[in-house]
>>> print(open('model-v6.tsv').read())   # TSV, C-alpha atoms and all ligand atoms
chain	number	residue	atom	x	y	z
A	1	MET	CA	90.47	176.31	-83.96
A	2	PRO	CA	93.90	175.46	-85.40
A	3	SER	CA	95.44	177.95	-87.81
A	4	VAL	CA	97.56	177.34	-90.90
A	5	ASN	CA	100.36	179.18	-92.68
A	6	SER	CA	100.52	181.61	-89.82
A	7	ASN	CA	103.75	183.01	-91.29
A	8	ASN	CA	101.90	184.40	-94.23
A	9	MET	CA	98.69	186.22	-93.37
A	10	GLU	CA	97.97	186.96	-97.01
A	11	LEU	CA	97.93	183.26	-97.85
A	12	THR	CA	96.05	182.35	-94.66
A	13	ASN	CA	93.30	184.74	-95.60
A	14	SER	CA	93.06	183.75	-99.22
A	15	TRP	CA	89.61	182.24	-98.63
A	16	ARG	CA	88.23	184.99	-96.43
A	17	GLY	CA	85.02	186.46	-97.81
A	18	LYS	CA	85.31	184.45	-101.05
A	19	SER	CA	82.59	182.30	-102.61
A	20	LEU	CA	83.09	178.80	-103.96
A	21	VAL	CA	81.27	178.24	-107.23
A	22	THR	CA	83.79	176.49	-109.48
A	23	LEU	CA	87.25	175.06	-108.95
A	24	LEU	CA	88.35	177.06	-112.01
A	25	ASP	CA	88.59	180.03	-109.65
A	26	VAL	CA	90.47	178.18	-106.88
A	27	THR	CA	94.25	178.32	-106.54
A	28	LYS	CA	96.59	175.49	-105.58
A	29	ILE	CA	97.44	177.35	-102.38
A	30	GLN	CA	93.78	177.62	-101.45
A	31	ILE	CA	93.36	173.87	-101.89
A	32	GLU	CA	96.47	173.20	-99.83
A	33	GLN	CA	95.14	175.41	-97.08
A	34	ILE	CA	91.90	173.47	-96.97
A	35	LEU	CA	93.69	170.14	-96.83
A	36	GLU	CA	96.06	171.29	-94.11
A	37	LEU	CA	93.36	172.75	-91.88
A	38	SER	CA	91.16	169.73	-92.55
A	39	SER	CA	93.89	167.40	-91.27
A	40	GLU	CA	94.12	169.44	-88.08
A	41	LEU	CA	90.36	169.46	-87.63
A	42	LYS	CA	90.23	165.72	-88.26
A	43	LYS	CA	92.76	165.10	-85.48
A	44	LEU	CA	90.63	167.20	-83.14
A	45	HIS	CA	87.50	165.32	-84.23
A	46	LEU	CA	89.03	161.89	-83.71
A	47	SER	CA	90.42	162.81	-80.29
A	48	ARG	CA	87.15	164.40	-79.11
A	49	THR	CA	86.21	161.54	-76.80
A	50	THR	CA	89.32	162.17	-74.72
A	51	GLY	CA	88.41	165.83	-74.26
A	52	LYS	CA	86.77	167.33	-71.21
A	53	GLN	CA	83.01	167.27	-70.75
A	54	TRP	CA	81.33	168.81	-73.79
A	55	GLU	CA	84.57	170.62	-74.63
A	56	TYR	CA	83.87	169.55	-78.17
A	57	PRO	CA	80.22	170.17	-79.03
A	58	ARG	CA	78.39	166.93	-79.75
A	59	THR	CA	75.99	166.44	-82.63
A	60	LEU	CA	72.85	164.34	-82.72
A	61	GLY	CA	71.55	163.26	-86.13
A	62	MET	CA	67.77	162.81	-85.90
A	63	LEU	CA	66.19	160.59	-88.56
A	64	PHE	CA	62.41	160.87	-88.78
A	65	GLU	CA	60.23	158.65	-90.98
A	66	LYS	CA	57.15	159.87	-89.10
A	67	PRO	CA	55.98	163.19	-87.63
A	68	SER	CA	56.96	164.35	-84.15
A	69	LEU	CA	56.64	167.29	-81.80
A	70	ARG	CA	57.89	166.09	-78.41
A	71	THR	CA	60.69	163.84	-79.60
A	72	ARG	CA	62.12	166.28	-82.05
A	73	VAL	CA	61.95	169.35	-79.83
A	74	SER	CA	63.11	167.62	-76.64
A	75	PHE	CA	66.09	166.08	-78.45
A	76	GLU	CA	67.04	169.32	-80.18
A	77	ALA	CA	66.57	171.56	-77.13
A	78	GLY	CA	68.28	168.93	-74.97
A	79	MET	CA	71.36	168.83	-77.18
A	80	VAL	CA	71.63	172.63	-77.14
A	81	GLN	CA	71.27	172.63	-73.34
A	82	LEU	CA	74.06	170.07	-73.11
A	83	GLY	CA	76.31	172.25	-75.25
A	84	GLY	CA	75.84	170.39	-78.52
A	85	HIS	CA	73.31	170.54	-81.30
A	86	ALA	CA	71.00	168.38	-83.37
A	87	ILE	CA	70.36	167.98	-87.09
A	88	ASN	CA	66.89	167.08	-88.27
A	89	LEU	CA	67.02	164.53	-91.07
A	90	ALA	CA	63.71	163.76	-92.74
A	91	ALA	CA	64.10	160.17	-93.88
A	92	SER	CA	62.40	161.09	-97.15
A	93	ASP	CA	65.12	163.68	-97.80
A	94	VAL	CA	67.88	161.29	-96.81
A	95	GLY	CA	66.26	158.53	-98.85
A	96	LEU	CA	66.70	156.05	-96.01
A	97	GLY	CA	66.61	152.62	-97.62
A	98	THR	CA	65.69	154.04	-101.04
A	99	ARG	CA	68.31	156.52	-102.21
A	100	GLU	CA	70.85	154.73	-100.07
A	101	SER	CA	70.88	151.56	-97.97
A	102	THR	CA	70.11	151.93	-94.27
A	103	ALA	CA	73.51	150.40	-93.52
A	104	ASP	CA	75.33	153.01	-95.62
A	105	VAL	CA	73.35	155.84	-93.99
A	106	ALA	CA	74.36	154.53	-90.55
A	107	ALA	CA	78.01	154.15	-91.51
A	108	ALA	CA	78.23	157.57	-93.15
A	109	LEU	CA	76.41	159.40	-90.33
A	110	SER	CA	78.82	157.77	-87.87
A	111	ARG	CA	81.68	159.69	-89.48
A	112	TRP	CA	80.11	163.10	-88.86
A	113	VAL	CA	77.91	163.02	-85.82
A	114	ASP	CA	78.25	161.54	-82.34
A	115	ILE	CA	74.87	159.94	-81.83
A	116	ILE	CA	71.84	159.06	-83.96
A	117	SER	CA	68.15	158.95	-83.10
A	118	ALA	CA	65.69	157.29	-85.46
A	119	ARG	CA	61.90	157.25	-85.60
A	120	VAL	CA	61.02	154.52	-88.07
A	121	PHE	CA	58.12	152.50	-89.40
A	122	ARG	CA	59.83	149.13	-89.17
A	123	HIS	CA	61.70	148.20	-86.01
A	124	GLU	CA	64.18	146.32	-88.24
A	125	THR	CA	65.33	149.69	-89.62
A	126	VAL	CA	66.52	150.92	-86.22
A	127	GLU	CA	68.13	147.51	-85.60
A	128	GLU	CA	69.96	147.83	-88.92
A	129	LEU	CA	71.07	151.36	-88.09
A	130	ALA	CA	72.44	150.22	-84.73
A	131	GLU	CA	74.22	147.25	-86.31
A	132	ASN	CA	75.94	149.41	-88.91
A	133	ALA	CA	76.68	152.58	-86.94
A	134	SER	CA	79.87	152.94	-84.95
A	135	ILE	CA	78.14	155.42	-82.63
A	136	PRO	CA	75.12	155.01	-80.31
A	137	VAL	CA	71.69	154.79	-81.96
A	138	ILE	CA	68.50	155.64	-80.06
A	139	ASN	CA	65.12	154.19	-81.03
A	140	ALA	CA	62.91	157.29	-81.12
A	141	LEU	CA	59.80	155.12	-81.80
A	142	SER	CA	59.33	152.14	-84.06
A	143	ASP	CA	56.28	150.03	-84.85
A	144	ARG	CA	57.35	147.80	-81.97
A	145	GLU	CA	58.62	150.03	-79.19
A	146	HIS	CA	58.95	153.57	-77.83
A	147	PRO	CA	61.66	153.13	-75.21
A	148	ILE	CA	62.53	156.80	-74.60
A	149	GLN	CA	58.86	157.49	-73.87
A	150	ALA	CA	58.95	154.86	-71.14
A	151	PHE	CA	61.82	156.64	-69.31
A	152	ALA	CA	59.75	159.83	-69.09
A	153	ASP	CA	56.70	157.81	-68.04
A	154	LEU	CA	58.60	156.19	-65.18
A	155	GLN	CA	60.04	159.52	-64.04
A	156	THR	CA	56.56	161.03	-63.96
A	157	LEU	CA	55.10	158.04	-62.15
A	158	PHE	CA	57.83	158.06	-59.49
A	159	GLU	CA	57.63	161.85	-59.03
A	160	ASN	CA	53.92	161.54	-58.36
A	161	LYS	CA	54.03	158.30	-56.35
A	162	PRO	CA	57.23	158.42	-54.32
A	163	ILE	CA	56.81	155.00	-52.76
A	164	THR	CA	58.60	151.76	-53.47
A	165	PRO	CA	57.95	150.72	-57.10
A	166	ASN	CA	56.86	147.28	-55.94
A	167	GLN	CA	53.81	148.86	-54.33
A	168	LEU	CA	52.74	150.57	-57.53
A	169	LYS	CA	50.33	149.42	-60.17
A	170	LEU	CA	50.00	151.03	-63.59
A	171	ALA	CA	46.99	150.27	-65.77
A	172	TYR	CA	47.09	150.74	-69.53
A	173	VAL	CA	43.85	150.98	-71.48
A	174	GLY	CA	43.72	150.79	-75.28
A	175	ASP	CA	45.80	149.52	-78.16
A	176	GLY	CA	48.52	146.90	-77.59
A	177	ASN	CA	51.05	149.07	-79.39
A	178	ASN	CA	54.65	150.34	-79.30
A	179	VAL	CA	53.99	152.48	-76.21
A	180	LEU	CA	52.52	149.55	-74.31
A	181	HIS	CA	55.41	147.27	-75.32
A	182	ALA	CA	57.91	149.74	-73.87
A	183	LEU	CA	55.80	150.18	-70.73
A	184	LEU	CA	55.54	146.44	-70.20
A	185	LEU	CA	59.31	146.07	-70.19
A	186	ALA	CA	60.06	149.27	-68.26
A	187	CYS	CA	57.49	148.57	-65.54
A	188	ALA	CA	58.46	144.91	-65.21
A	189	LYS	CA	62.15	145.81	-64.89
A	190	MET	CA	61.43	148.46	-62.25
A	191	GLY	CA	59.08	146.25	-60.25
A	192	VAL	CA	55.94	148.23	-61.09
A	193	SER	CA	52.97	145.94	-61.65
A	194	ILE	CA	51.21	146.54	-64.95
A	195	SER	CA	47.80	145.52	-66.13
A	196	ALA	CA	46.73	146.28	-69.70
A	197	ALA	CA	43.22	146.13	-71.09
A	198	CYS	CA	43.05	145.73	-74.86
A	199	PRO	CA	40.31	144.49	-77.19
A	200	GLU	CA	40.60	140.96	-78.62
A	201	GLY	CA	42.86	141.10	-81.66
A	202	TYR	CA	44.69	144.20	-80.39
A	203	PHE	CA	46.74	142.60	-77.65
A	204	PRO	CA	50.41	143.49	-77.30
A	205	ASN	CA	52.96	141.29	-79.05
A	206	SER	CA	53.27	138.02	-77.12
A	207	ASP	CA	57.09	138.24	-77.10
A	208	TYR	CA	56.88	141.47	-75.09
A	209	VAL	CA	54.25	140.06	-72.77
A	210	ARG	CA	56.25	136.90	-72.17
A	211	ALA	CA	59.47	138.87	-71.58
A	212	ALA	CA	57.75	141.21	-69.12
A	213	MET	CA	56.13	138.32	-67.27
A	214	GLU	CA	59.45	136.50	-66.97
A	215	ILE	CA	61.22	139.62	-65.69
A	216	GLY	CA	58.43	140.20	-63.19
A	217	HIS	CA	58.47	136.59	-62.07
A	218	ASN	CA	62.23	136.03	-61.95
A	219	GLU	CA	63.67	139.45	-61.12
A	220	SER	CA	61.45	142.26	-59.89
A	221	GLY	CA	58.26	140.81	-58.46
A	222	ALA	CA	56.10	142.92	-60.79
A	223	ALA	CA	52.77	141.37	-61.74
A	224	VAL	CA	51.98	141.57	-65.46
A	225	ALA	CA	48.47	140.98	-66.78
A	226	ILE	CA	46.76	141.44	-70.13
A	227	VAL	CA	42.96	141.51	-69.94
A	228	THR	CA	40.06	142.67	-72.11
A	229	ASP	CA	38.08	144.53	-69.44
A	230	PRO	CA	39.25	148.11	-68.73
A	231	ALA	CA	37.50	148.07	-65.32
A	232	GLU	CA	39.51	145.00	-64.32
A	233	ALA	CA	42.79	146.58	-65.46
A	234	VAL	CA	42.30	149.86	-63.57
A	235	GLN	CA	41.21	148.23	-60.33
A	236	ASN	CA	43.55	149.42	-57.56
A	237	ALA	CA	45.73	151.27	-60.11
A	238	ASP	CA	47.94	154.19	-59.05
A	239	ALA	CA	48.25	155.39	-62.63
A	240	VAL	CA	46.04	154.96	-65.67
A	241	TYR	CA	47.76	155.30	-69.04
A	242	THR	CA	46.35	155.54	-72.52
A	243	ASP	CA	47.50	156.23	-76.07
A	244	VAL	CA	45.83	156.79	-79.43
A	245	TRP	CA	43.76	153.96	-80.88
A	246	ALA	CA	45.34	154.32	-84.34
A	247	SER	CA	49.07	154.91	-84.34
A	248	MET	CA	51.06	156.78	-86.99
A	249	GLY	CA	50.83	154.74	-90.17
A	250	GLN	CA	47.44	153.26	-89.20
A	251	GLU	CA	45.37	156.33	-90.05
A	252	SER	CA	43.32	154.42	-92.65
A	253	GLU	CA	42.10	152.12	-89.85
A	254	SER	CA	40.93	155.00	-87.64
A	255	GLU	CA	37.21	154.58	-88.26
A	256	HIS	CA	37.25	150.82	-87.87
A	257	ARG	CA	39.33	151.09	-84.71
A	258	ALA	CA	37.08	153.79	-83.23
A	259	GLU	CA	34.25	151.25	-83.28
A	260	ILE	CA	36.36	148.43	-81.81
A	261	PHE	CA	37.89	150.59	-79.07
A	262	LYS	CA	34.78	152.58	-78.12
A	263	ASN	CA	34.59	150.92	-74.68
A	264	TYR	CA	38.28	151.58	-74.01
A	265	GLN	CA	38.06	155.29	-73.25
A	266	VAL	CA	39.72	156.63	-70.12
A	267	ASN	CA	36.83	158.71	-68.77
A	268	ALA	CA	35.44	159.77	-65.39
A	269	GLU	CA	33.43	156.58	-65.05
A	270	LEU	CA	36.50	154.39	-65.56
A	271	MET	CA	38.65	156.55	-63.27
A	272	MET	CA	36.12	155.92	-60.47
A	273	LYS	CA	37.28	152.29	-60.54
A	274	ALA	CA	40.98	153.13	-60.07
A	275	LYS	CA	42.46	154.35	-56.78
A	276	SER	CA	40.92	157.68	-55.80
A	277	ASP	CA	44.30	159.42	-56.09
A	278	ALA	CA	45.30	157.72	-59.35
A	279	ILE	CA	47.16	159.87	-61.86
A	280	VAL	CA	46.52	159.77	-65.61
A	281	LEU	CA	49.34	159.49	-68.11
A	282	HIS	CA	49.29	159.95	-71.87
A	283	CYS	CA	52.31	159.96	-74.17
A	284	LEU	CA	50.58	162.48	-76.48
A	285	PRO	CA	49.41	163.47	-79.02
A	286	ALA	CA	45.91	162.95	-77.56
A	287	HIS	CA	42.60	162.51	-79.31
A	288	ARG	CA	40.07	163.86	-76.83
A	289	GLY	CA	36.73	162.12	-77.08
A	290	GLU	CA	38.43	158.93	-78.28
A	291	GLU	CA	40.99	157.24	-76.00
A	292	ILE	CA	40.56	159.93	-73.31
A	293	SER	CA	37.61	162.13	-72.41
A	294	THR	CA	38.02	165.90	-72.50
A	295	GLU	CA	37.12	166.02	-68.82
A	296	VAL	CA	39.75	163.51	-67.67
A	297	MET	CA	42.39	165.19	-69.80
A	298	GLN	CA	41.52	168.54	-68.27
A	299	ILE	CA	41.72	167.24	-64.69
A	300	HIS	CA	45.08	165.52	-65.29
A	301	TYR	CA	46.51	168.02	-67.75
A	302	LYS	CA	49.37	169.13	-65.52
A	303	THR	CA	50.60	165.58	-64.98
A	304	VAL	CA	50.43	164.81	-68.69
A	305	MET	CA	52.43	167.95	-69.48
A	306	ASP	CA	54.93	167.10	-66.73
A	307	GLN	CA	55.28	163.76	-68.49
A	308	ALA	CA	55.96	165.57	-71.78
A	309	GLU	CA	58.54	167.78	-70.03
A	310	ASN	CA	60.26	164.73	-68.63
A	311	ARG	CA	61.04	163.62	-72.16
A	312	LEU	CA	63.61	166.42	-72.19
A	313	HIS	CA	65.31	165.46	-68.93
A	314	THR	CA	65.37	161.70	-69.48
A	315	GLN	CA	66.73	162.07	-73.00
A	316	LYS	CA	69.44	164.48	-71.85
A	317	ALA	CA	70.40	161.93	-69.21
A	318	LEU	CA	70.43	159.11	-71.75
A	319	ILE	CA	72.59	161.02	-74.23
A	320	SER	CA	75.00	162.18	-71.50
A	321	LEU	CA	75.41	158.61	-70.33
A	322	MET	CA	75.75	157.21	-73.84
A	323	LEU	CA	78.47	159.71	-74.64
A	324	GLY	CA	80.25	158.90	-71.43
A	325	TYR	CA	79.59	161.92	-69.25
A	401	LIG	N1	55.08	161.10	-77.40
A	401	LIG	C1	55.80	161.39	-78.50
A	401	LIG	O1	56.73	160.66	-78.86
A	401	LIG	O2	55.44	162.52	-79.13
A	401	LIG	P1	55.86	162.97	-80.59
A	401	LIG	O3	55.25	161.96	-81.54
A	401	LIG	O4	55.28	164.34	-80.76
A	401	LIG	O5	57.35	162.96	-80.69
A	402	LIG	N1	51.42	154.79	-80.53
A	402	LIG	C1	51.66	156.12	-81.05
A	402	LIG	C2	52.62	156.85	-80.17
A	402	LIG	C3	52.89	158.27	-80.56
A	402	LIG	C4	53.91	158.93	-79.71
A	402	LIG	C5	52.18	156.03	-82.46
A	402	LIG	O1	53.00	155.17	-82.75
A	402	LIG	O2	51.73	156.83	-83.30
>>> encode(input="model-v6.tsv", output="structure tokens", more="lines below")
Ligand code: CP
Ligand code: NVA
Amino acid sequence: MPSVNSNNMELTNSWRGKSLVTLLDVTKIQIEQILELSSELKKLHLSRTTGKQWEYPRTLGMLFEKPSLRTRVSFEAGMVQLGGHAINLAASDVGLGTRESTADVAAALSRWVDIISARVFRHETVEELAENASIPVINALSDREHPIQAFADLQTLFENKPITPNQLKLAYVGDGNNVLHALLLACAKMGVSISAACPEGYFPNSDYVRAAMEIGHNESGAAVAIVTDPAEAVQNADAVYTDVWASMGQESESEHRAEIFKNYQVNAELMMKAKSDAIVLHCLPAHRGEEISTEVMQIHYKTVMDQAENRLHTQKALISLMLGY
């Protein structure tokens, strides 16, 4: 911490223990001291990227338009473990896109923190943040994608099935949602074949399916299939993955979806059709008795919690790499 006016301790300490309520009580010297120290601190701030690893604690600004347990805690704990810290920013408090434009929020945050994560309703919001921030922005779940979830999913899959990814098949059963979109791309890129079973009308976005199929075909050799029959999807699968039938923001559709998805539960009967040593994955939160039976969740609980733990490690790795360490 740089010091100022070190020749005159009385002046240096003129702020010590004082409150700031009105500038009427503040002296010219006190203001000068703030400005002088601020200039020093600014130099330190602007030169922080040339410092040694985590010499200057890094800050993550976490914008949340939706609830979270795993994402928030793993980011916050991860930043502390890396020697930095995180600030939780409820989008409703910030007024993201209402009190202030998303672009201005991104530009202003870039001046104070080192990295931003954003959980948003509309994918366009995280795109706009990334376009207008001068620091890295992480999609912490949008209506389209949940990319950081997919890193933890892959780590858990590979820990449990330490064979070449090209020999692995992951089956997804349920809604063609943000989690599936991320899985389609992540699996296709890594060479893991993926087969998803979704009801008619709840298929994943065709852009994601097409992109995954092209990557599988042209680059990795992964087979990508979207079907309607869960039994067909899980056939020969090494891992069976599911997620809630109604995502955050779709709560009003829960009842309607429960009827449509009732044959898309990952239960003991369905697991009999996968490989006998297949693992079960779930991004959580889980709705037992809906997308997953209580019994299957109980049997595979450790793996699912390992998957949740891996959110911490993969996000620490991502942030370290983004910040250049
Ligand atoms: N899987 C996941 O992202 O969990 P949270 O919604 O609790 O962050
Ligand atoms: N598809 C779910 C994932 C939660 C982590 C949702 O968007 O609510």
>>> residues_near_point(input="model-v6.tsv", point="(59.2, 154.6, -87.1)", cutoff="9 Å", atoms="all atoms listed in the file", output="list in words")
Phe64, Glu65, Lys66, Ala118, Arg119, Val120, Phe121, Arg122, His123, Thr125, Val126, Asn139, Ala140, Leu141, Ser142, Asp143, Arg144, Met248 and Gly249 of chain A
>>> closest_residue(input="model-v6.tsv", among="A:His282, A:Lys43, A:Lys28, A:Arg111", to="A:Leu180", atoms="only C-alpha atoms")
A:His282
>>> residues_around(input="model-v6.tsv", residues="A:Thr314", least_positions_apart="3", cutoff="12 Å", atoms="only C-alpha atoms", output="list in words")
Thr71, Ser74, Phe75, Gly78, Pro147, Ile148, Gln149, Ala150, Phe151, Ala152, Asp153, Leu154, Gln155, Thr156, Gln307, Ala308, Glu309, Asn310, Arg311, Ala317, Leu318, Ile319, Ser320 and Leu321 of chain A
>>> closest_atom_pairs(input="model-v6.tsv", of="chain A", to="ligand LIG 401 (chain A)", cutoff="6 Å", atoms="only C-alpha atoms and all ligand atoms", output="JSON lines")
{"residue": "A:Ser68", "atom": "CA", "partner": "A:LIG401", "partner_atom": "O5", "distance": 3.7}
{"residue": "A:Leu69", "atom": "CA", "partner": "A:LIG401", "partner_atom": "O4", "distance": 3.4}
{"residue": "A:Arg70", "atom": "CA", "partner": "A:LIG401", "partner_atom": "O5", "distance": 3.9}
{"residue": "A:Thr71", "atom": "CA", "partner": "A:LIG401", "partner_atom": "O5", "distance": 3.6}
{"residue": "A:Arg72", "atom": "CA", "partner": "A:LIG401", "partner_atom": "O5", "distance": 6.0}
{"residue": "A:Cys283", "atom": "CA", "partner": "A:LIG401", "partner_atom": "N1", "distance": 4.4}
{"residue": "A:Leu284", "atom": "CA", "partner": "A:LIG401", "partner_atom": "N1", "distance": 4.8}
>>> atom_distance(input="model-v6.tsv", atom1="atom CA of A:His146", atom2="atom CA of A:Met272")
28.8 Å
>>> closest_residue(input="model-v6.tsv", among="A:Ala182, A:Met79, A:Met190, A:Val296", to="ligand LIG 402 (chain A)", atoms="only C-alpha atoms and all ligand atoms")
A:Ala182
>>> axis_aligned_box(input="model-v6.tsv", around="ligand LIG 402 (chain A)", padding_each_side="8 Å", output="AutoDock Vina command-line options")
--center_x 52.7 --center_y 156.9 --center_z -81.5 --size_x 18.5 --size_y 20.1 --size_z 19.6
>>> residues_around(input="model-v6.tsv", residues="A:Trp112", least_positions_apart="4", cutoff="12 Å", atoms="only C-alpha atoms", output="mmCIF file with C-alpha atoms, keeping the file's coordinate frame")
data_model
loop_
_atom_site.group_PDB
_atom_site.id
_atom_site.type_symbol
_atom_site.label_atom_id
_atom_site.label_comp_id
_atom_site.auth_asym_id
_atom_site.auth_seq_id
_atom_site.Cartn_x
_atom_site.Cartn_y
_atom_site.Cartn_z
ATOM 1 C CA LYS A 42 90.230 165.720 -88.260
ATOM 2 C CA HIS A 45 87.500 165.320 -84.230
ATOM 3 C CA LEU A 46 89.030 161.890 -83.710
ATOM 4 C CA ARG A 58 78.390 166.930 -79.750
ATOM 5 C CA THR A 59 75.990 166.440 -82.630
ATOM 6 C CA LEU A 60 72.850 164.340 -82.720
ATOM 7 C CA GLY A 61 71.550 163.260 -86.130
ATOM 8 C CA ALA A 86 71.000 168.380 -83.370
ATOM 9 C CA ILE A 87 70.360 167.980 -87.090
ATOM 10 C CA VAL A 105 73.350 155.840 -93.990
ATOM 11 C CA ALA A 106 74.360 154.530 -90.550
ATOM 12 C CA ALA A 107 78.010 154.150 -91.510
ATOM 13 C CA ALA A 108 78.230 157.570 -93.150
ATOM 14 C CA ILE A 116 71.840 159.060 -83.960
ATOM 15 C CA ALA A 133 76.680 152.580 -86.940
ATOM 16 C CA SER A 134 79.870 152.940 -84.950
ATOM 17 C CA ILE A 135 78.140 155.420 -82.630
#
>>> closest_atom_pairs(input="model-v6.tsv", of="stretch 147-189 of chain A", to="stretch 199-221 of chain A", cutoff="10 Å", atoms="all atoms listed in the file", output="Markdown table")
| residue | atom | partner | partner_atom | distance |
| --- | --- | --- | --- | --- |
| A:Pro165 | CA | A:Ser220 | CA | 9.6 |
| A:Asn166 | CA | A:Gly221 | CA | 7.1 |
| A:Val173 | CA | A:Pro199 | CA | 9.3 |
| A:Gly174 | CA | A:Pro199 | CA | 7.4 |
| A:Asp175 | CA | A:Tyr202 | CA | 5.9 |
| A:Gly176 | CA | A:Pro204 | CA | 3.9 |
| A:Asn177 | CA | A:Pro204 | CA | 6.0 |
| A:Asn178 | CA | A:Pro204 | CA | 8.3 |
| A:Val179 | CA | A:Pro204 | CA | 9.7 |
| A:Leu180 | CA | A:Pro204 | CA | 7.1 |
| A:His181 | CA | A:Tyr208 | CA | 6.0 |
| A:Ala182 | CA | A:Tyr208 | CA | 8.4 |
| A:Leu183 | CA | A:Ala212 | CA | 9.3 |
| A:Leu184 | CA | A:Ala212 | CA | 5.8 |
| A:Leu185 | CA | A:Ala212 | CA | 5.2 |
| A:Ala186 | CA | A:Ala212 | CA | 8.4 |
| A:Cys187 | CA | A:Ala212 | CA | 8.2 |
| A:Ala188 | CA | A:Gly216 | CA | 5.1 |
| A:Lys189 | CA | A:Ser220 | CA | 6.2 |
>>> residues_around(input="model-v6.tsv", residues="A:Ala258", least_positions_apart="4", cutoff="8 Å", atoms="only C-alpha atoms", output="tab-separated table (two decimals) with C-alpha atoms, in the coordinates of the input")
chain	number	residue	atom	x	y	z
A	245	TRP	CA	43.76	153.96	-80.88
A	254	SER	CA	40.93	155.00	-87.64
A	262	LYS	CA	34.78	152.58	-78.12
A	290	GLU	CA	38.43	158.93	-78.28
>>> closest_residue(input="model-v6.tsv", among="A:Leu170, A:Leu44, A:Ile194, A:Leu82", to="A:Val224", atoms="all atoms listed in the file")
A:Ile194
>>> closest_residue(input="model-v6.tsv", among="A:Val244, A:Ala274, A:Met322, A:Val137", to="ligand LIG 402 (chain A)", atoms="all atoms listed in the file")
A:Val244
>>> closest_residue(input="model-v6.tsv", among="A:Gln30, A:Ser293, A:Ser247, A:Gln298", to="ligand LIG 402 (chain A)", atoms="all atoms listed in the file")
A:Ser247
>>> atom_distance(input="model-v6.tsv", atom1="atom CA of A:Val304", atom2="atom C1 of ligand LIG 402 (chain A)")
15.2 Å
>>> atom_distance(input="model-v6.tsv", atom1="atom CA of A:Ala103", atom2="atom CA of A:Ala90")
16.6 Å
>>> closest_residue(input="model-v6.tsv", among="A:Leu323, A:Ala130, A:Leu63, A:Val280", to="A:Tyr241", atoms="all atoms listed in the file")
A:Val280
>>> residues_around(input="model-v6.tsv", residues="A:Tyr172", least_positions_apart="3", cutoff="8 Å", atoms="all atoms listed in the file", output="JSON list (two decimals) with C-alpha atoms, in the coordinates of the input")
[["chain", "number", "residue", "atom", "x", "y", "z"],
["A", 180, "LEU", "CA", 52.52, 149.55, -74.31],
["A", 194, "ILE", "CA", 51.21, 146.54, -64.95],
["A", 195, "SER", "CA", 47.80, 145.52, -66.13],
["A", 196, "ALA", "CA", 46.73, 146.28, -69.70],
["A", 197, "ALA", "CA", 43.22, 146.13, -71.09],
["A", 233, "ALA", "CA", 42.79, 146.58, -65.46],
["A", 234, "VAL", "CA", 42.30, 149.86, -63.57],
["A", 240, "VAL", "CA", 46.04, 154.96, -65.67],
["A", 241, "TYR", "CA", 47.76, 155.30, -69.04],
["A", 242, "THR", "CA", 46.35, 155.54, -72.52]]
